[in-house]
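One structure is given below, encoded as structure tokens.
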Amino acid sequence: MRKIKLIIALLIAGITVSAQSRHSSINGNHGIPEDLKQLSLWSNAVPDGPGPLGAEKITASGSITNISNPRLIVHQPVKPNGTAILVISGGGYAHIEMGKESAPVANWLQSQGITAFELIYRLPQEGWKTTDVPFQDAQRAMKIIRSLAGQYHINPDKIGILGFSAGGHLAGITATQSNKRFYKPIDAADALSARPDFAGLIYPVLTMLPPFNKTHAKKSILGKTPAKAQEEAYSVELQVNSSTPVTFLAQAADDPISPVNNSYLMNTALKKSRHTS
């Protein structure tokens, strides 16, 4: 466990440098580099459609909306070291900040021999039948990565998840509720575990409970006036259990968007779980 924590800490240490170099390349071509392979999450119809109409929209800074094709962008190293990480950008569940978060980080992970998979997930307010669509996509992504372990030279017991801001919430729900069925199984991959072997939550939005539930992520998933039971069900810190993987937390104390209390609450829950398990 101490080795896993060290690996996660070293990964996070490279984020700032990688973000600067990769961000310029995203801005330069206003889209996803053509040399990166993309894998659709759903082999046939995407669950709970129809979803948004028209083409996907991506800004010059790499922010994506109008997503109807949830998928993985594969950053495959020349010499893979056996570790894989699902990387999830934030954006309040209203857009995906690929250019500032998942793209630079995935690029850096690739340079370190880690196979990185950027998640392009559906946004809950874009015409889907349920606001659970991001959780469907993240859970499905973990299973697909595990099913492709042999093809990408990945150790199926070394597959982690890394999320930023609202992406941290998505990663947290995936890590703590891996056994919850967010969608009906469709193929052999769905028989595999969705549980990540380690998690990194970076300036995460985690709790949906007052007084820290003023984020856009909460409104996107639960609306303006959800019942307390809904708030509790989507508060990551309340879902921590003995099977929750080792988790790394990083957040600035003066974070103006996601209160640092999110990380404090999660840290307390993790410590309690380890003590009582």
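Order determines the names: the first chain of the structure tokens is A, the second B, and so forth; residues in each chain are numbered 1 upward, and ligands are numbered 1 upward as they are shown.
All residues within segment 154-202 of chain A that the backbone DSSP calculation assigns to strand (DSSP E) are Ile159, Gly160, Ile161, Leu162, Gly163, Phe164, Phe198, Ala199, Gly200, Leu201 and Ile202 of chain A.
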Inset, instruction - Would you kindly return, as a ChimeraX atom specification, each protein, DNA or RNA residue with an atom no farther than 7 Å from any atom of segment 129-143 of chain A, considering only C-alpha atoms and excluding same-chain residues fewer than 4 positions away? - result: /A:41,48-49,70,121-124,147,170,174,182-183,189-190,192-194,221
Inset, instruction - For Ile67 of chain A, please output as a VMD selection string all residues within 9 Å (counting only C-alpha atoms; exclusion window: fewer than 4 positions along the same chain). - result: chain A and resid 51 to 53 55 to 57 120 to 123 126
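In this model, the gap between atom CA of Arg146 of chain A and atom CA of Pro245 of chain A comes to 15.9 Å.
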Legend entry - Within 6 Å of segment 157-165 of chain A using only C-alpha atoms, minus same-chain residues under 3 positions, as a PyMOL selection string: chain A and resi 83-90+168+171+196-205
Selection to disk with N, CA and C atoms, as a PDB file, in the first residue's frame:
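For reference, part_39.pdb as written:
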ATOM      1  N   THR A  83       1.110  -0.471 -15.704  1.00  0.00           N
ATOM      2  CA  THR A  83       0.112   0.313 -14.976  1.00  0.00           C
ATOM      3  C   THR A  83      -0.749   1.100 -15.956  1.00  0.00           C
ATOM      4  N   ALA A  84      -2.037   1.205 -15.662  1.00  0.00           N
ATOM      5  CA  ALA A  84      -2.963   2.008 -16.469  1.00  0.00           C
ATOM      6  C   ALA A  84      -3.762   2.914 -15.551  1.00  0.00           C
ATOM      7  N   ILE A  85      -4.145   4.076 -16.060  1.00  0.00           N
ATOM      8  CA  ILE A  85      -4.945   5.019 -15.279  1.00  0.00           C
ATOM      9  C   ILE A  85      -6.037   5.621 -16.159  1.00  0.00           C
ATOM     10  N   LEU A  86      -7.257   5.604 -15.647  1.00  0.00           N
ATOM     11  CA  LEU A  86      -8.381   6.296 -16.281  1.00  0.00           C
ATOM     12  C   LEU A  86      -8.366   7.730 -15.776  1.00  0.00           C
ATOM     13  N   VAL A  87      -8.221   8.691 -16.689  1.00  0.00           N
ATOM     14  CA  VAL A  87      -8.075  10.101 -16.320  1.00  0.00           C
ATOM     15  C   VAL A  87      -9.355  10.854 -16.670  1.00  0.00           C
ATOM     16  N   ILE A  88      -9.901  11.576 -15.667  1.00  0.00           N
ATOM     17  CA  ILE A  88     -11.203  12.218 -15.834  1.00  0.00           C
ATOM     18  C   ILE A  88     -11.126  13.702 -15.525  1.00  0.00           C
ATOM     19  N   SER A  89     -11.418  14.523 -16.514  1.00  0.00           N
ATOM     20  CA  SER A  89     -11.454  15.977 -16.318  1.00  0.00           C
ATOM     21  C   SER A  89     -12.733  16.397 -15.603  1.00  0.00           C
ATOM     22  N   GLY A  90     -12.696  17.607 -15.052  1.00  0.00           N
ATOM     23  CA  GLY A  90     -13.888  18.201 -14.462  1.00  0.00           C
ATOM     24  C   GLY A  90     -14.573  19.147 -15.421  1.00  0.00           C
ATOM     25  N   GLY A 168     -13.276  14.454 -10.151  1.00  0.00           N
ATOM     26  CA  GLY A 168     -12.938  13.783  -8.904  1.00  0.00           C
ATOM     27  C   GLY A 168     -14.160  13.152  -8.270  1.00  0.00           C
ATOM     28  N   ALA A 171     -14.786  10.070 -10.351  1.00  0.00           N
ATOM     29  CA  ALA A 171     -13.815   9.042  -9.971  1.00  0.00           C
ATOM     30  C   ALA A 171     -14.137   8.470  -8.595  1.00  0.00           C
ATOM     31  N   PRO A 196     -11.370   0.377  -9.277  1.00  0.00           N
ATOM     32  CA  PRO A 196      -9.976   0.756  -9.516  1.00  0.00           C
ATOM     33  C   PRO A 196      -9.084   0.234  -8.398  1.00  0.00           C
ATOM     34  N   ASP A 197      -7.830  -0.028  -8.711  1.00  0.00           N
ATOM     35  CA  ASP A 197      -6.899  -0.529  -7.703  1.00  0.00           C
ATOM     36  C   ASP A 197      -6.304   0.594  -6.855  1.00  0.00           C
ATOM     37  N   PHE A 198      -6.386   1.813  -7.346  1.00  0.00           N
ATOM     38  CA  PHE A 198      -5.998   2.997  -6.563  1.00  0.00           C
ATOM     39  C   PHE A 198      -6.699   4.195  -7.176  1.00  0.00           C
ATOM     40  N   ALA A 199      -6.813   5.263  -6.400  1.00  0.00           N
ATOM     41  CA  ALA A 199      -7.526   6.454  -6.875  1.00  0.00           C
ATOM     42  C   ALA A 199      -6.776   7.713  -6.492  1.00  0.00           C
ATOM     43  N   GLY A 200      -6.828   8.703  -7.368  1.00  0.00           N
ATOM     44  CA  GLY A 200      -6.299  10.033  -7.088  1.00  0.00           C
ATOM     45  C   GLY A 200      -7.411  11.043  -7.302  1.00  0.00           C
ATOM     46  N   LEU A 201      -7.748  11.806  -6.264  1.00  0.00           N
ATOM     47  CA  LEU A 201      -8.814  12.804  -6.342  1.00  0.00           C
ATOM     48  C   LEU A 201      -8.177  14.175  -6.138  1.00  0.00           C
ATOM     49  N   ILE A 202      -8.181  14.976  -7.206  1.00  0.00           N
ATOM     50  CA  ILE A 202      -7.449  16.234  -7.211  1.00  0.00           C
ATOM     51  C   ILE A 202      -8.421  17.411  -7.212  1.00  0.00           C
ATOM     52  N   TYR A 203      -8.302  18.300  -6.242  1.00  0.00           N
ATOM     53  CA  TYR A 203      -9.272  19.362  -5.934  1.00  0.00           C
ATOM     54  C   TYR A 203     -10.697  18.906  -6.227  1.00  0.00           C
ATOM     55  N   PRO A 204     -11.104  17.780  -5.602  1.00  0.00           N
ATOM     56  CA  PRO A 204     -12.368  17.141  -5.976  1.00  0.00           C
ATOM     57  C   PRO A 204     -13.604  17.799  -5.379  1.00  0.00           C
ATOM     58  N   VAL A 205     -14.695  17.718  -6.103  1.00  0.00           N
ATOM     59  CA  VAL A 205     -16.039  17.956  -5.563  1.00  0.00           C
ATOM     60  C   VAL A 205     -16.521  16.578  -5.100  1.00  0.00           C
TER      61      VAL A 205
END
Legend entry - Secondary structure check, alpha helix (DSSP H) residues of segment 66-238 of chain A, as number ranges by chain: A: 102-111, 133-147, 166-176, 216-222, 228-233
Legend entry - Met208 of chain A surroundings by only C-alpha atoms, 7 Å radius, close-in-sequence under 4 positions cut, as a PyMOL selection string: chain A and resi 213+218+231-232+234-235
Take the residues just selected and output them with all heavy atoms as a short mmCIF file (atom, residue, chain, number, x, y, z; two decimals), in the first residue's frame.
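Contents of part.cif, freshly written:
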data_model
loop_
_atom_site.label_atom_id
_atom_site.label_comp_id
_atom_site.auth_asym_id
_atom_site.auth_seq_id
_atom_site.Cartn_x
_atom_site.Cartn_y
_atom_site.Cartn_z
N ASN A 213 -22.34 22.36 -0.68
CA ASN A 213 -22.97 21.83 -1.90
C ASN A 213 -23.43 22.93 -2.84
O ASN A 213 -24.47 22.83 -3.46
CB ASN A 213 -24.15 20.94 -1.53
CG ASN A 213 -25.23 21.68 -0.76
OD1 ASN A 213 -25.01 22.78 -0.26
ND2 ASN A 213 -26.40 21.08 -0.66
N LYS A 218 -23.16 19.70 -8.35
CA LYS A 218 -24.33 19.27 -7.60
C LYS A 218 -25.60 19.62 -8.36
O LYS A 218 -26.53 18.81 -8.48
CB LYS A 218 -24.32 19.90 -6.22
CG LYS A 218 -25.55 19.60 -5.37
CD LYS A 218 -26.45 20.82 -5.31
CE LYS A 218 -27.66 20.59 -4.41
NZ LYS A 218 -28.57 21.76 -4.39
N GLU A 231 -28.97 13.76 -1.87
CA GLU A 231 -27.69 14.38 -1.55
C GLU A 231 -26.74 13.38 -0.88
O GLU A 231 -25.55 13.33 -1.18
CB GLU A 231 -27.91 15.59 -0.63
CG GLU A 231 -28.65 16.74 -1.29
CD GLU A 231 -28.91 17.88 -0.33
OE1 GLU A 231 -29.08 17.63 0.88
OE2 GLU A 231 -28.94 19.05 -0.80
N GLU A 232 -27.29 12.59 0.01
CA GLU A 232 -26.47 11.60 0.71
C GLU A 232 -25.99 10.50 -0.23
O GLU A 232 -24.84 10.06 -0.16
CB GLU A 232 -27.26 10.99 1.87
CG GLU A 232 -27.54 11.99 3.00
CD GLU A 232 -28.42 11.40 4.09
OE1 GLU A 232 -29.05 10.34 3.84
OE2 GLU A 232 -28.49 12.00 5.18
N TYR A 234 -25.24 10.64 -3.30
CA TYR A 234 -24.21 11.10 -4.23
C TYR A 234 -23.06 11.82 -3.54
O TYR A 234 -22.23 12.43 -4.20
CB TYR A 234 -24.83 11.98 -5.32
CG TYR A 234 -25.68 11.20 -6.29
CD1 TYR A 234 -27.02 10.90 -6.01
CD2 TYR A 234 -25.15 10.70 -7.48
CE1 TYR A 234 -27.81 10.16 -6.88
CE2 TYR A 234 -25.92 9.96 -8.36
CZ TYR A 234 -27.25 9.70 -8.05
OH TYR A 234 -28.01 8.95 -8.92
N SER A 235 -23.01 11.73 -2.22
CA SER A 235 -21.88 12.27 -1.46
C SER A 235 -20.83 11.16 -1.32
O SER A 235 -21.07 10.16 -0.64
CB SER A 235 -22.33 12.75 -0.08
OG SER A 235 -23.15 13.90 -0.19
#
Legend entry - Tyr264 of chain A environment, 10 Å, only C-alpha atoms, sequence neighbours closer than 6 positions dropped, as number ranges by chain: A: 237, 249, 251, 270
Could you write out the selected residues, including all heavy atoms, as a compact mmCIF listing (two decimals), in the first residue's frame?
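selection03.txt written:
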# COMPACT_ATOMS: atom_id res chain seq x y z
N GLU A 237 -18.04 10.82 0.23
CA GLU A 237 -17.48 10.49 1.56
C GLU A 237 -18.39 9.55 2.34
O GLU A 237 -17.92 8.81 3.22
CB GLU A 237 -17.20 11.77 2.35
CG GLU A 237 -18.39 12.43 3.00
CD GLU A 237 -19.23 13.29 2.06
OE1 GLU A 237 -18.94 13.27 0.84
OE2 GLU A 237 -20.14 14.00 2.55
N LEU A 249 -5.38 12.29 -2.02
CA LEU A 249 -6.15 13.54 -2.09
C LEU A 249 -5.19 14.72 -2.20
O LEU A 249 -4.17 14.78 -1.50
CB LEU A 249 -7.00 13.72 -0.84
CG LEU A 249 -8.13 12.70 -0.62
CD1 LEU A 249 -8.57 12.72 0.84
CD2 LEU A 249 -9.30 12.99 -1.54
N GLN A 251 -5.51 19.12 -2.67
CA GLN A 251 -6.38 20.28 -2.85
C GLN A 251 -5.78 21.49 -2.12
O GLN A 251 -5.20 21.36 -1.04
CB GLN A 251 -7.78 19.99 -2.30
CG GLN A 251 -8.81 21.06 -2.62
CD GLN A 251 -10.23 20.56 -2.42
OE1 GLN A 251 -10.45 19.47 -1.90
NE2 GLN A 251 -11.20 21.34 -2.85
N LEU A 270 -12.04 7.95 4.97
CA LEU A 270 -11.07 6.91 4.62
C LEU A 270 -10.36 6.38 5.86
O LEU A 270 -10.18 5.17 6.02
CB LEU A 270 -10.04 7.46 3.63
CG LEU A 270 -10.56 7.73 2.21
CD1 LEU A 270 -9.58 8.62 1.44
CD2 LEU A 270 -10.78 6.41 1.46
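In this comparison, which uses only C-alpha atoms, the residue of A:Leu222, A:Ala166, A:Ala229, A:Leu209 approaching Ser258 of chain A most closely is A:Ala166.
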Inset, instruction - May I ask for the distance between atom CA of Pro211 of chain A and atom CA of Val240 of chain A, given in Å to one decimal place? - result: 20.1 Å
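Comparing A:Lys37, A:Leu206, A:Ser102, A:Asn66 by their smallest distance to Ser263 of chain A, the closest is A:Leu206 (using only C-alpha atoms).
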